[in-house]
Amino acid sequence: MQLHDEILQEAVTGSKCTPEWAAMQTVKLYRQWSNKGLPHHDALEAAKSEMRVITTEALRLRRKRLKNDLAAWCVVILGVLACMGWWLLWE
């Protein structure tokens, strides 16, 4: 599960997520499953399946982080607009 968490962390930051990066992570997962004794086809399917799970988790976490960041900026912008409106009302 440690490799799963490392890949998930890299995917959430998203700084270097390219198709080549995803392929390399799938190969790492394949090797992990292969070392556990699974046959080639089963290890490949397990790696692909786990990569799909990581992708889903990473996208969910990135959306959640984006919503939190966006909500904070909306509060700041609304506060600035309220201050400007209040200032213009009293001028």
# chains A, B, ... in the order shown; residues from 1 in each chain; ligands from 1
$ residues_around --residues "range 56-63 of chain A" --least-positions-apart "3" --cutoff "10 Å" --atoms "only C-alpha atoms" --output "list in words"
Ile7, Leu8, Gln9, Glu10, Ala11, Val12, Thr13, Gly14, Glu50, Met51, Arg52, Val53, Leu66, Lys67, Asn68 and Asp69 of chain A
$ residues_around --residues "range 15-32 of chain A" --least-positions-apart "6" --cutoff "9 Å" --atoms "only C-alpha atoms" --output "tab-separated table (two decimals) with all heavy atoms, in the first residue's frame"
chain	number	residue	atom	x	y	z
A	3	LEU	N	3.40	2.01	-2.01
A	3	LEU	CA	3.55	2.48	-3.38
A	3	LEU	C	2.27	3.17	-3.85
A	3	LEU	O	2.32	4.20	-4.52
A	3	LEU	CB	3.92	1.31	-4.30
A	3	LEU	CG	4.16	1.65	-5.77
A	3	LEU	CD1	5.31	2.64	-5.90
A	3	LEU	CD2	4.46	0.40	-6.55
A	4	HIS	N	1.13	2.61	-3.48
A	4	HIS	CA	-0.17	3.20	-3.82
A	4	HIS	C	-0.25	4.63	-3.28
A	4	HIS	O	-0.64	5.55	-4.00
A	4	HIS	CB	-1.29	2.33	-3.25
A	4	HIS	CG	-2.65	2.89	-3.44
A	4	HIS	ND1	-3.42	2.59	-4.54
A	4	HIS	CD2	-3.39	3.73	-2.68
A	4	HIS	CE1	-4.58	3.22	-4.44
A	4	HIS	NE2	-4.58	3.92	-3.31
A	7	ILE	N	2.15	7.08	-5.18
A	7	ILE	CA	1.61	7.44	-6.49
A	7	ILE	C	0.44	8.40	-6.34
A	7	ILE	O	0.33	9.39	-7.07
A	7	ILE	CB	1.21	6.18	-7.28
A	7	ILE	CG1	2.44	5.33	-7.59
A	7	ILE	CG2	0.49	6.55	-8.57
A	7	ILE	CD1	2.13	3.97	-8.17
A	40	HIS	N	1.51	-13.10	-15.15
A	40	HIS	CA	1.65	-11.87	-15.93
A	40	HIS	C	0.32	-11.18	-16.17
A	40	HIS	O	0.17	-9.99	-15.88
A	40	HIS	CB	2.33	-12.18	-17.28
A	40	HIS	CG	2.26	-11.05	-18.24
A	40	HIS	ND1	3.02	-9.91	-18.09
A	40	HIS	CD2	1.52	-10.86	-19.36
A	40	HIS	CE1	2.76	-9.07	-19.08
A	40	HIS	NE2	1.85	-9.63	-19.86
A	43	ALA	N	-1.30	-9.88	-12.94
A	43	ALA	CA	-0.54	-8.75	-12.39
A	43	ALA	C	-0.81	-7.49	-13.20
A	43	ALA	O	-0.95	-6.40	-12.66
A	43	ALA	CB	0.95	-9.06	-12.37
A	44	LEU	N	-0.89	-7.63	-14.52
A	44	LEU	CA	-1.16	-6.49	-15.39
A	44	LEU	C	-2.55	-5.93	-15.14
A	44	LEU	O	-2.74	-4.71	-15.03
A	44	LEU	CB	-1.01	-6.89	-16.85
A	44	LEU	CG	-1.14	-5.79	-17.89
A	44	LEU	CD1	-0.09	-4.71	-17.66
A	44	LEU	CD2	-1.01	-6.37	-19.29
A	45	GLU	N	-3.54	-6.79	-15.02
A	45	GLU	CA	-4.91	-6.35	-14.73
A	45	GLU	C	-5.01	-5.70	-13.35
A	45	GLU	O	-5.71	-4.70	-13.18
A	45	GLU	CB	-5.89	-7.52	-14.85
A	45	GLU	CG	-6.13	-7.95	-16.27
A	45	GLU	CD	-6.65	-6.82	-17.14
A	45	GLU	OE1	-7.57	-6.10	-16.71
A	45	GLU	OE2	-6.13	-6.68	-18.25
A	46	ALA	N	-4.31	-6.26	-12.37
A	46	ALA	CA	-4.33	-5.68	-11.03
A	46	ALA	C	-3.69	-4.30	-11.04
A	46	ALA	O	-4.19	-3.37	-10.39
A	46	ALA	CB	-3.60	-6.60	-10.05
A	47	ALA	N	-2.59	-4.14	-11.78
A	47	ALA	CA	-1.92	-2.83	-11.87
A	47	ALA	C	-2.82	-1.80	-12.55
A	47	ALA	O	-2.93	-0.67	-12.09
A	47	ALA	CB	-0.61	-2.96	-12.62
A	48	LYS	N	-3.46	-2.21	-13.64
A	48	LYS	CA	-4.37	-1.29	-14.34
A	48	LYS	C	-5.55	-0.90	-13.44
A	48	LYS	O	-5.95	0.26	-13.40
A	48	LYS	CB	-4.90	-1.94	-15.62
A	48	LYS	CG	-3.89	-2.03	-16.72
A	48	LYS	CD	-4.52	-2.70	-17.95
A	48	LYS	CE	-3.57	-2.84	-19.09
A	48	LYS	NZ	-4.20	-3.50	-20.25
A	50	GLU	N	-5.64	-0.90	-10.15
A	50	GLU	CA	-5.18	-0.04	-9.07
A	50	GLU	C	-4.90	1.38	-9.58
A	50	GLU	O	-5.17	2.36	-8.90
A	50	GLU	CB	-3.94	-0.62	-8.42
A	50	GLU	CG	-3.57	0.06	-7.13
A	50	GLU	CD	-2.52	-0.68	-6.34
A	50	GLU	OE1	-2.15	-1.81	-6.72
A	50	GLU	OE2	-2.10	-0.13	-5.31
A	51	MET	N	-4.39	1.49	-10.81
A	51	MET	CA	-4.13	2.81	-11.38
A	51	MET	C	-5.44	3.56	-11.62
A	51	MET	O	-5.50	4.77	-11.42
A	51	MET	CB	-3.34	2.64	-12.69
A	51	MET	CG	-2.52	3.80	-13.09
A	51	MET	SD	-1.38	4.33	-11.83
A	51	MET	CE	-0.93	5.88	-12.55
$ atom_distance --atom1 "CA of Asp5 in chain A" --atom2 "CA of Thr55 in chain A"
11.8 Å
$ atom_distance --atom1 "CA of Ile54 in chain A" --atom2 "CA of Ser34 in chain A"
18.7 Å
